[in-house]
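Participant: Just one file: coords-v6.cif, with mmCIF, C-alpha atoms.
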data_protein
#
loop_
_atom_site.label_atom_id
_atom_site.label_comp_id
_atom_site.auth_asym_id
_atom_site.auth_seq_id
_atom_site.Cartn_x
_atom_site.Cartn_y
_atom_site.Cartn_z
CA MET A 1 14.25 18.21 11.36
CA THR A 2 15.75 20.44 8.71
CA PRO A 3 13.51 22.95 6.93
CA ALA A 4 13.86 21.01 3.71
CA ARG A 5 12.90 17.77 5.31
CA PHE A 6 10.06 19.45 7.14
CA ALA A 7 8.76 20.74 3.82
CA LEU A 8 8.84 17.24 2.42
CA ALA A 9 7.02 15.84 5.38
CA PHE A 10 4.47 18.63 5.17
CA ALA A 11 3.79 17.66 1.58
CA LEU A 12 3.33 14.06 2.65
CA LEU A 13 0.86 15.07 5.31
CA LEU A 14 -1.31 16.82 2.79
CA ALA A 15 -1.66 13.68 0.73
CA PRO A 16 -4.91 11.85 0.32
CA ILE A 17 -4.39 9.09 2.74
CA ALA A 18 -5.22 6.23 0.42
CA ALA A 19 -1.72 6.66 -0.92
CA LEU A 20 -0.37 5.37 2.37
CA ALA A 21 -3.12 3.04 3.41
CA HIS A 22 -2.69 -0.41 4.80
CA HIS A 23 -6.31 -1.49 4.96
CA SER A 24 -9.39 -0.08 3.35
CA PHE A 25 -10.58 3.10 5.04
CA ASP A 26 -14.22 2.10 4.89
CA ALA A 27 -13.59 -1.14 6.73
CA GLU A 28 -12.90 0.81 9.92
CA PHE A 29 -13.94 4.45 9.65
CA ASP A 30 -17.00 6.40 8.60
CA ARG A 31 -16.33 9.19 6.14
CA ASN A 32 -19.67 10.71 7.08
CA LYS A 33 -18.43 11.35 10.60
CA PRO A 34 -15.65 13.96 10.42
CA VAL A 35 -14.16 14.95 13.76
CA THR A 36 -11.68 17.51 15.04
CA LEU A 37 -9.98 16.76 18.35
CA LYS A 38 -7.69 19.04 20.38
CA GLY A 39 -5.90 17.73 23.39
CA SER A 40 -2.76 16.54 25.14
CA VAL A 41 -0.85 13.48 23.95
CA THR A 42 -0.87 10.69 26.53
CA ARG A 43 0.81 7.88 24.55
CA VAL A 44 2.24 7.07 21.15
CA ASP A 45 2.22 3.43 20.01
CA TRP A 46 4.71 3.19 17.16
CA GLY A 47 3.98 -0.10 15.42
CA ASN A 48 2.68 -1.72 12.26
CA PRO A 49 0.43 -1.53 10.45
CA HIS A 50 -0.39 1.95 11.82
CA ILE A 51 0.87 4.09 14.63
CA TRP A 52 -1.68 5.15 17.23
CA VAL A 53 -1.64 8.43 19.14
CA PHE A 54 -3.68 8.71 22.33
CA MET A 55 -4.77 12.04 23.70
CA ASP A 56 -6.91 13.56 26.43
CA VAL A 57 -9.63 15.70 24.93
CA LYS A 58 -11.96 18.02 26.84
CA ASP A 59 -15.53 18.09 25.57
CA ALA A 60 -17.95 21.04 25.63
CA THR A 61 -18.92 20.31 29.25
CA GLY A 62 -15.33 20.18 30.43
CA LYS A 63 -15.27 16.41 30.74
CA VAL A 64 -11.96 14.85 29.69
CA GLU A 65 -12.03 11.73 27.52
CA ASN A 66 -9.13 9.77 26.12
CA TRP A 67 -9.17 9.31 22.34
CA GLY A 68 -7.04 7.12 20.12
CA VAL A 69 -6.26 8.19 16.59
CA GLU A 70 -4.75 6.04 13.86
CA GLY A 71 -1.77 7.47 12.01
CA GLY A 72 0.36 6.25 9.13
CA ALA A 73 2.51 3.19 8.62
CA PRO A 74 5.68 3.55 10.69
CA ASN A 75 8.00 2.49 7.87
CA ALA A 76 6.65 5.19 5.57
CA LEU A 77 6.80 7.77 8.34
CA PHE A 78 10.39 6.75 9.14
CA ARG A 79 11.47 7.21 5.52
CA ASN A 80 10.01 10.68 5.59
CA GLY A 81 11.99 11.74 8.59
CA TRP A 82 9.69 11.01 11.52
CA ARG A 83 10.82 9.05 14.53
CA LYS A 84 9.15 7.27 17.41
CA ASP A 85 9.75 10.26 19.67
CA SER A 86 8.86 13.00 17.21
CA LEU A 87 5.59 13.44 19.04
CA LYS A 88 5.91 13.46 22.82
CA VAL A 89 3.62 12.91 25.78
CA GLY A 90 2.24 16.29 26.78
CA ASP A 91 2.35 17.80 23.30
CA ILE A 92 -0.85 19.68 22.53
CA VAL A 93 -2.18 18.57 19.17
CA THR A 94 -5.18 19.10 16.95
CA VAL A 95 -6.35 16.11 14.96
CA GLU A 96 -8.63 16.22 11.96
CA GLY A 97 -10.04 12.92 10.83
CA PHE A 98 -13.03 10.63 10.81
CA ARG A 99 -14.60 8.61 13.61
CA GLY A 100 -14.67 4.86 13.69
CA ARG A 101 -17.77 3.08 12.52
CA ASP A 102 -18.32 1.65 15.99
CA GLY A 103 -18.88 5.04 17.61
CA SER A 104 -16.02 4.60 20.07
CA ASN A 105 -13.38 7.19 20.92
CA ARG A 106 -11.33 6.16 17.95
CA ALA A 107 -10.63 8.07 14.77
CA ASN A 108 -8.24 8.16 11.91
CA ALA A 109 -5.81 11.05 11.76
CA ASN A 110 -5.86 12.81 8.46
CA ARG A 111 -3.90 15.69 9.94
CA VAL A 112 -2.15 16.16 13.24
CA THR A 113 -1.18 19.78 13.92
CA LEU A 114 1.04 21.09 16.70
CA PRO A 115 0.36 24.50 18.27
CA ASP A 116 3.17 26.05 16.20
CA GLY A 117 1.53 24.86 13.02
CA ARG A 118 3.79 21.92 12.32
CA LYS A 119 1.94 18.89 11.07
CA VAL A 120 3.06 15.46 12.17
CA PHE A 121 2.26 11.80 11.81
CA ALA A 122 -0.50 11.78 9.23
CA GLY A 123 -1.00 9.12 6.63
CA SER A 124 -3.51 6.71 8.10
CA SER A 125 -5.98 4.54 6.24
CA ALA A 126 -8.38 7.25 5.13
CA GLY A 127 -9.59 6.77 1.64
CA GLY A 128 -9.19 10.30 0.46
CA GLY A 129 -9.35 12.51 3.45
CA GLN A 130 -10.17 16.13 3.09
CA GLN A 131 -7.81 16.97 0.26
CA MET B 1 -14.91 5.42 -1.19
CA LYS B 2 -14.45 5.30 -4.93
CA THR B 3 -14.60 8.99 -5.68
CA ALA B 4 -12.52 9.85 -2.68
CA VAL B 5 -9.65 7.60 -3.64
CA ALA B 6 -9.90 8.58 -7.27
CA SER B 7 -9.29 12.16 -6.22
CA GLY B 8 -5.83 11.30 -5.03
CA ALA B 9 -3.86 12.80 -7.90
CA LEU B 10 -2.34 15.74 -6.14
CA GLY B 11 -1.59 13.76 -3.07
CA LEU B 12 0.18 11.02 -4.95
CA LEU B 13 2.33 13.62 -6.61
CA LEU B 14 3.09 15.13 -3.26
CA VAL B 15 3.93 11.75 -1.81
CA ALA B 16 6.30 11.13 -4.68
CA LEU B 17 7.89 14.51 -4.21
CA ALA B 18 8.11 13.92 -0.50
CA SER B 19 9.84 10.58 -0.68
CA MET B 20 12.06 10.84 -3.73
CA PRO B 21 14.62 13.38 -2.54
CA ILE B 22 15.24 11.51 0.68
CA GLU B 23 15.68 8.15 -0.99
CA SER B 24 17.88 9.52 -3.74
CA GLN B 25 20.44 10.77 -1.27
CA SER B 26 23.23 8.84 0.31
CA ARG B 27 23.62 8.62 4.06
CA SER B 28 26.00 11.55 3.93
CA GLY B 29 23.32 13.65 2.31
CA THR B 30 25.03 13.94 -1.04
CA PRO B 31 22.99 13.13 -4.14
CA ALA B 32 23.37 9.64 -5.51
CA LYS B 33 25.44 9.43 -8.68
CA PRO B 34 23.35 9.37 -11.84
CA THR B 35 23.55 5.93 -13.38
CA ALA B 36 20.91 6.09 -16.09
CA SER B 37 23.37 5.35 -18.85
CA ARG B 38 24.54 2.09 -17.32
CA PRO B 39 23.20 -1.06 -18.94
CA ALA B 40 21.14 -3.65 -17.10
CA PRO B 41 23.26 -6.16 -15.17
CA ARG B 42 23.23 -9.71 -16.48
CA LEU B 43 22.73 -13.10 -14.87
CA PRO B 44 25.28 -15.87 -15.49
CA ASN B 45 22.90 -17.20 -18.16
CA GLY B 46 23.11 -13.89 -20.00
CA LYS B 47 19.60 -12.72 -19.24
CA PRO B 48 18.95 -9.37 -17.52
CA SER B 49 18.94 -9.50 -13.74
CA MET B 50 16.03 -7.83 -11.98
CA THR B 51 17.90 -7.80 -8.67
CA GLY B 52 17.51 -4.63 -6.64
CA VAL B 53 15.24 -2.62 -4.37
CA TRP B 54 12.57 -0.99 -6.48
CA GLY B 55 10.32 1.98 -6.10
CA ASN B 56 7.21 0.15 -7.20
CA THR B 57 4.29 2.31 -8.27
CA ARG B 58 1.74 3.09 -5.58
CA ARG B 59 -1.72 2.48 -7.01
CA ALA B 60 -4.57 2.59 -4.54
CA ASP B 61 -6.82 2.51 -7.59
CA VAL B 62 -5.68 1.01 -10.90
CA THR B 63 -8.09 3.33 -12.76
CA ASP B 64 -6.63 6.48 -11.22
CA LYS B 65 -5.92 8.70 -14.21
CA ALA B 66 -3.31 10.67 -12.30
CA ILE B 67 -0.90 7.74 -12.37
CA PRO B 68 0.56 6.91 -15.78
CA GLY B 69 -0.16 3.42 -16.99
CA PHE B 70 -3.64 3.25 -15.43
CA VAL B 71 -6.51 1.17 -16.80
CA LYS B 72 -8.96 3.33 -18.74
CA GLU B 73 -12.00 1.17 -18.12
CA LEU B 74 -12.68 -2.05 -16.29
CA PRO B 75 -15.06 -4.21 -18.37
CA TYR B 76 -17.05 -5.79 -15.58
CA THR B 77 -19.15 -8.87 -15.96
CA ALA B 78 -22.42 -8.82 -14.03
CA TRP B 79 -20.72 -10.80 -11.25
CA GLY B 80 -17.77 -8.47 -11.21
CA LYS B 81 -19.96 -5.37 -11.07
CA ALA B 82 -21.94 -6.80 -8.17
CA LYS B 83 -18.71 -7.51 -6.30
CA TRP B 84 -17.47 -3.99 -6.91
CA ASP B 85 -20.72 -2.34 -5.88
CA GLY B 86 -21.02 -4.49 -2.79
CA TYR B 87 -17.49 -4.23 -1.44
CA GLU B 88 -18.18 -1.72 1.32
CA GLN B 89 -20.99 -3.86 2.67
CA PHE B 90 -18.93 -7.02 2.24
CA MET B 91 -16.25 -5.64 4.53
CA GLN B 92 -18.84 -5.01 7.25
CA THR B 93 -19.97 -8.63 7.21
CA ASN B 94 -16.86 -10.55 6.10
CA GLY B 95 -14.11 -8.21 7.25
CA ASP B 96 -11.24 -6.67 5.33
CA TYR B 97 -8.61 -9.33 4.68
CA VAL B 98 -5.78 -6.83 4.67
CA GLY B 99 -7.02 -5.33 7.93
CA ASN B 100 -6.73 -8.89 9.27
CA CYS B 101 -3.06 -8.88 8.22
CA LEU B 102 -3.67 -11.66 5.72
CA PRO B 103 -1.53 -11.71 2.56
CA PHE B 104 -2.07 -8.86 0.13
CA GLY B 105 -1.54 -11.03 -2.95
CA TRP B 106 0.39 -10.00 -6.05
CA SER B 107 -1.26 -6.78 -7.12
CA ARG B 108 -1.81 -5.22 -3.71
CA SER B 109 1.78 -6.05 -2.81
CA ILE B 110 3.36 -4.45 -5.85
CA TYR B 111 0.90 -1.53 -5.78
CA GLY B 112 1.22 -0.90 -2.05
CA PRO B 113 3.00 2.05 -0.44
CA HIS B 114 6.09 0.08 0.52
CA PRO B 115 9.12 -0.89 -1.58
CA VAL B 116 9.84 -4.31 -2.98
CA GLN B 117 13.15 -6.11 -3.37
CA ILE B 118 13.95 -8.64 -6.07
CA ILE B 119 16.63 -11.30 -5.74
CA HIS B 120 17.18 -13.02 -9.04
CA ASP B 121 19.41 -15.83 -10.29
CA ASN B 122 19.31 -18.20 -13.24
CA ASP B 123 16.52 -20.31 -11.80
CA ASN B 124 14.36 -18.15 -9.55
CA LEU B 125 13.09 -14.64 -9.11
CA VAL B 126 12.27 -13.94 -5.49
CA MET B 127 10.03 -11.00 -4.65
CA LEU B 128 10.46 -9.64 -1.14
CA PHE B 129 7.64 -7.37 -0.08
CA GLU B 130 8.17 -5.01 2.82
CA GLN B 131 4.42 -4.85 3.28
CA ASN B 132 3.60 -7.59 5.81
CA SER B 133 7.22 -8.86 5.42
CA MET B 134 6.06 -11.35 2.79
CA PHE B 135 7.76 -13.09 -0.12
CA HIS B 136 6.85 -14.89 -3.33
CA ILE B 137 9.10 -17.18 -5.36
CA VAL B 138 8.87 -17.44 -9.13
CA PRO B 139 10.80 -20.32 -10.75
CA THR B 140 12.19 -19.05 -14.05
CA ASP B 141 13.71 -22.27 -15.37
CA GLY B 142 10.89 -23.00 -17.76
CA ARG B 143 9.03 -25.51 -15.63
CA ALA B 144 5.28 -26.04 -15.91
CA PHE B 145 2.67 -25.31 -13.24
CA ILE B 146 2.28 -28.03 -10.64
CA LYS B 147 -1.46 -27.45 -11.03
CA ASP B 148 -2.76 -29.37 -8.03
CA LEU B 149 -1.36 -27.09 -5.35
CA PRO B 150 -4.02 -25.74 -3.01
CA PRO B 151 -5.24 -22.29 -4.06
CA SER B 152 -3.43 -19.48 -2.27
CA TRP B 153 -3.30 -15.71 -1.82
CA PHE B 154 -0.37 -15.26 -4.22
CA GLY B 155 -1.14 -18.30 -6.36
CA GLU B 156 1.46 -20.36 -8.17
CA SER B 157 3.79 -18.48 -10.49
CA VAL B 158 6.22 -19.61 -13.15
CA GLY B 159 8.39 -17.50 -15.41
CA HIS B 160 9.87 -17.78 -18.85
CA TRP B 161 11.93 -15.50 -21.06
CA ASP B 162 10.72 -13.75 -24.18
CA GLY B 163 14.02 -12.35 -25.40
CA ASP B 164 15.18 -10.08 -22.57
CA THR B 165 11.69 -9.77 -21.08
CA LEU B 166 10.78 -12.02 -18.19
CA VAL B 167 7.17 -13.18 -18.41
CA VAL B 168 5.57 -14.38 -15.18
CA GLU B 169 2.28 -16.27 -15.23
CA THR B 170 0.24 -16.87 -12.08
CA VAL B 171 -2.73 -19.19 -11.55
CA ASN B 172 -4.33 -21.10 -8.70
CA LEU B 173 -5.38 -18.00 -6.78
CA ASN B 174 -7.82 -18.34 -3.91
CA GLY B 175 -9.98 -15.47 -5.16
CA TYR B 176 -9.99 -13.66 -1.82
CA THR B 177 -7.67 -10.84 -2.82
CA ARG B 178 -8.67 -7.54 -4.36
CA VAL B 179 -6.79 -5.83 -7.15
CA ASP B 180 -6.08 -2.64 -5.20
CA THR B 181 -6.77 -0.76 -1.97
CA ILE B 182 -10.01 0.66 -3.26
CA GLY B 183 -11.22 -2.89 -3.77
CA HIS B 184 -11.57 -3.73 -7.45
CA PRO B 185 -12.58 -7.40 -7.48
CA MET B 186 -11.00 -10.54 -8.84
CA SER B 187 -11.92 -14.22 -8.61
CA ALA B 188 -10.26 -17.59 -8.26
CA ARG B 189 -10.44 -17.96 -12.04
CA ALA B 190 -7.99 -15.12 -12.53
CA ARG B 191 -4.79 -15.60 -14.45
CA ILE B 192 -2.16 -12.93 -13.96
CA THR B 193 0.50 -12.22 -16.55
CA GLN B 194 3.34 -9.90 -15.64
CA THR B 195 6.30 -8.77 -17.68
CA PHE B 196 9.56 -7.46 -16.29
CA LYS B 197 11.95 -5.64 -18.58
CA ARG B 198 15.06 -4.02 -17.10
CA VAL B 199 15.60 -1.36 -19.71
CA ASN B 200 18.72 -0.01 -17.99
CA PHE B 201 20.50 -0.30 -14.67
CA ASP B 202 18.04 1.96 -12.91
CA THR B 203 14.70 1.05 -14.44
CA ILE B 204 12.29 -1.83 -14.76
CA GLU B 205 9.31 -1.56 -17.05
CA HIS B 206 6.59 -3.75 -15.61
CA THR B 207 3.16 -4.75 -16.82
CA PHE B 208 0.34 -6.41 -14.91
CA THR B 209 -2.41 -8.09 -16.94
CA LEU B 210 -5.47 -9.62 -15.36
CA ASN B 211 -7.40 -12.21 -17.32
CA ASP B 212 -10.37 -13.08 -15.14
CA PRO B 213 -13.43 -14.04 -17.18
CA LYS B 214 -15.62 -14.39 -14.11
CA THR B 215 -15.03 -10.77 -13.18
CA TYR B 216 -14.07 -8.94 -16.38
CA ALA B 217 -15.31 -9.45 -19.94
CA ALA B 218 -11.82 -8.86 -21.34
CA PRO B 219 -8.26 -8.81 -20.00
CA TRP B 220 -6.81 -5.46 -18.97
CA THR B 221 -3.28 -4.25 -18.35
CA VAL B 222 -1.50 -1.78 -16.07
CA HIS B 223 1.88 -0.37 -17.15
CA ASP B 224 4.48 0.68 -14.59
CA THR B 225 7.96 2.11 -14.51
CA TRP B 226 9.93 1.19 -11.40
CA PRO B 227 13.02 3.22 -10.49
CA LEU B 228 15.88 1.54 -8.65
CA ARG B 229 16.05 2.60 -5.01
CA ALA B 230 19.63 1.66 -4.24
CA GLU B 231 19.65 3.61 -0.98
CA THR B 232 16.50 1.99 0.38
CA LYS B 233 16.61 -0.87 2.85
CA LEU B 234 13.51 -2.97 3.39
CA LEU B 235 12.29 -2.69 6.95
CA GLU B 236 10.49 -5.21 9.12
CA TYR B 237 6.69 -5.00 8.97
CA ALA B 238 5.11 -7.03 11.76
CA CYS B 239 1.51 -6.44 10.77
CA MET B 240 -0.19 -7.70 13.93
CA GLU B 241 1.95 -5.86 16.47
CA ASN B 242 -0.30 -2.80 16.62
CA ASN B 243 -3.38 -3.84 14.67
CA ARG B 244 -5.85 -2.13 16.97
CA ALA B 245 -8.49 -1.96 14.29
CA LEU B 246 -8.82 -5.72 14.49
CA PHE B 247 -8.05 -6.09 18.20
CA GLU B 248 -10.79 -3.62 19.13
CA GLY B 249 -13.35 -4.98 16.70
CA ARG B 250 -13.70 -2.13 14.23
CA ILE B 251 -12.43 -4.45 11.53
CA LYS B 252 -14.27 -7.76 11.61
CA PRO B 253 -12.46 -11.10 11.56
CA PHE B 254 -12.20 -12.19 7.95
CA ILE B 255 -14.71 -14.69 6.60
CA ALA B 256 -13.73 -15.98 3.18
CA PRO B 257 -16.31 -15.50 0.42
CA ASP B 258 -17.75 -18.73 -0.93
CA ASP B 259 -18.67 -17.59 -4.44
CA VAL B 260 -15.29 -16.78 -5.98
CA ASP B 261 -14.54 -20.07 -7.76
#
Now that the file is in, can you turn its structure into structure tokens?

Facilitator:
Amino acid sequence: MTPARFALAFALLLAPIAALAHHSFDAEFDRNKPVTLKGSVTRVDWGNPHIWVFMDVKDATGKVENWGVEGGAPNALFRNGWRKDSLKVGDIVTVEGFRGRDGSNRANANRVTLPDGRKVFAGSSAGGGQQ
Amino acid sequence: MKTAVASGALGLLLVALASMPIESQSRSGTPAKPTASRPAPRLPNGKPSMTGVWGNTRRADVTDKAIPGFVKELPYTAWGKAKWDGYEQFMQTNGDYVGNCLPFGWSRSIYGPHPVQIIHDNDNLVMLFEQNSMFHIVPTDGRAFIKDLPPSWFGESVGHWDGDTLVVETVNLNGYTRVDTIGHPMSARARITQTFKRVNFDTIEHTFTLNDPKTYAAPWTVHDTWPLRAETKLLEYACMENNRALFEGRIKPFIAPDDVD
């Protein structure tokens, strides 16, 4: 990714997510349950209406749990320079988002940050995010 | 939900800035030639053709003041206000129809985050929506509504010309759709009037007017300017292929409301 294109994508990632939403945020997620997850990517499902990134996350006791986080619409991500393999298994990422209403290990991904600070694959269904 | 989405001004600007440079470049990376001075193309019947891929305006909230052409105030009826106030709870009991990959309907299709393509000839205007890979056909030959078609998500549309402006009227809606992502309500009594005016080769001026006396005490109108996106190709959007929200039960299966007629 060129610096210019990265800058564009970075701007996209900072957007309130309603701009990219497929369904209503409140149908699935709870904006009163913010969550930050750091872990290793185990799978990326690149498909409509949202991509999903799965990751192993270690909790405070050292127990590892697998989380799934909802990202943006693949067509919109594609037009902004991202590809199916832009995020790879084993990448260490930090996700900021909101937990699902059902209390499961599912969240939306307002921001996905790589260790070097690059932000990838945001743009899920959040209704306003943290911006 | 409401305040959060309404705060989207900066983000929408950033989204626009993020997507425009990429789509305005050719595959070789060189800027597309400016064509603003070119006149609108014409159909064989002499009327302006709306054919093209268009950068329709993203409106998650039609009252968002950050997006030119917004609605200043929605004049709710008591029924409409109750529907608006109760939307979050409604989705928990009846599900989110869009999250079920059901049709978005007119307004949520043209105000979604994905481009639209128009194919237009003397007799029909065909809207192709990338979102959910859906389409809607508008006869423009002056015919009347069939009237007894079953109500549907997009309704029945017919078009006629007012000079060089195409006027599209839509009735017979099922009342299940919402105006926008944030969930402004509408009912089965709604009548939609849209105008399409191709003011030059690269621009359509579009209006969306909702006349829905069950939901709003007076009609209201959104004004849009759509730039041509000649370099954009509509992509497939198979909505159910990865719809984990529904598969895993966080979005409930949709139950149609029974009070929208």

Participant: Which value, in Å to one decimal, gives the distance between CA of Met50 in chain B and CA of Ile119 in chain B?

Facilitator: 7.2 Å

Participant: Can you tell me which residues surround Gly68 in chain A at a distance of at most 10 Å, considering only C-alpha atoms, apart from same-chain residues fewer than 4 positions away, and format the answer as a list of chain:residue names?

Facilitator: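 Counting only the stated atoms, we get A:Val41, A:Thr42, A:Arg43, A:Val44, A:Asp45, A:Trp52, A:Val53, A:Phe54, A:Met55, A:Asp56, A:Ser104, A:Asn105, A:Arg106, A:Ala107, A:Asn108, A:Ala109, B:Arg244.
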
Participant: Using only C-alpha atoms, please write the residues we just selected to a file, as an mmCIF file, in the coordinates of the input.

Facilitator:
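Wrote it out as out.cif, contents follow:
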data_model
loop_
_atom_site.group_PDB
_atom_site.id
_atom_site.type_symbol
_atom_site.label_atom_id
_atom_site.label_comp_id
_atom_site.auth_asym_id
_atom_site.auth_seq_id
_atom_site.Cartn_x
_atom_site.Cartn_y
_atom_site.Cartn_z
ATOM 1 C CA VAL A 41 -0.850 13.480 23.950
ATOM 2 C CA THR A 42 -0.870 10.690 26.530
ATOM 3 C CA ARG A 43 0.810 7.880 24.550
ATOM 4 C CA VAL A 44 2.240 7.070 21.150
ATOM 5 C CA ASP A 45 2.220 3.430 20.010
ATOM 6 C CA TRP A 52 -1.680 5.150 17.230
ATOM 7 C CA VAL A 53 -1.640 8.430 19.140
ATOM 8 C CA PHE A 54 -3.680 8.710 22.330
ATOM 9 C CA MET A 55 -4.770 12.040 23.700
ATOM 10 C CA ASP A 56 -6.910 13.560 26.430
ATOM 11 C CA SER A 104 -16.020 4.600 20.070
ATOM 12 C CA ASN A 105 -13.380 7.190 20.920
ATOM 13 C CA ARG A 106 -11.330 6.160 17.950
ATOM 14 C CA ALA A 107 -10.630 8.070 14.770
ATOM 15 C CA ASN A 108 -8.240 8.160 11.910
ATOM 16 C CA ALA A 109 -5.810 11.050 11.760
ATOM 17 C CA ARG B 244 -5.850 -2.130 16.970
#

Participant: Name the residues within 10 Å of (5.2, -11.0, 12.8), counting only C-alpha atoms in the file's coordinates, and put them as a ChimeraX atom specification.

Facilitator: /A:48 /B:101,132-133,236-241

Participant: Can you turn the PyMOL selection byres ((chain A and resi 27-40) around 6) into a concrete residue list for this file, as a list in words?

Facilitator: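 With the shown file as input, the PyMOL selection byres ((chain A and resi 27-40) around 6) matches Ser24, Phe25, Asp26, Val41, Met55, Asp56, Val57, Gly90, Asp91, Ile92, Val93, Thr94, Val95, Glu96, Gly97, Phe98, Arg99, Gly100 and Arg101 of chain A; Met91, Arg250 and Ile251 of chain B.
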
Participant: Applying the PyMOL selection byres ((chain B and resi 226) around 9) to the file I just gave you, which residues come out? Please list them as an MDAnalysis selection string.

Facilitator: chainID B and resid 54:57 202:206 224:225 227:229
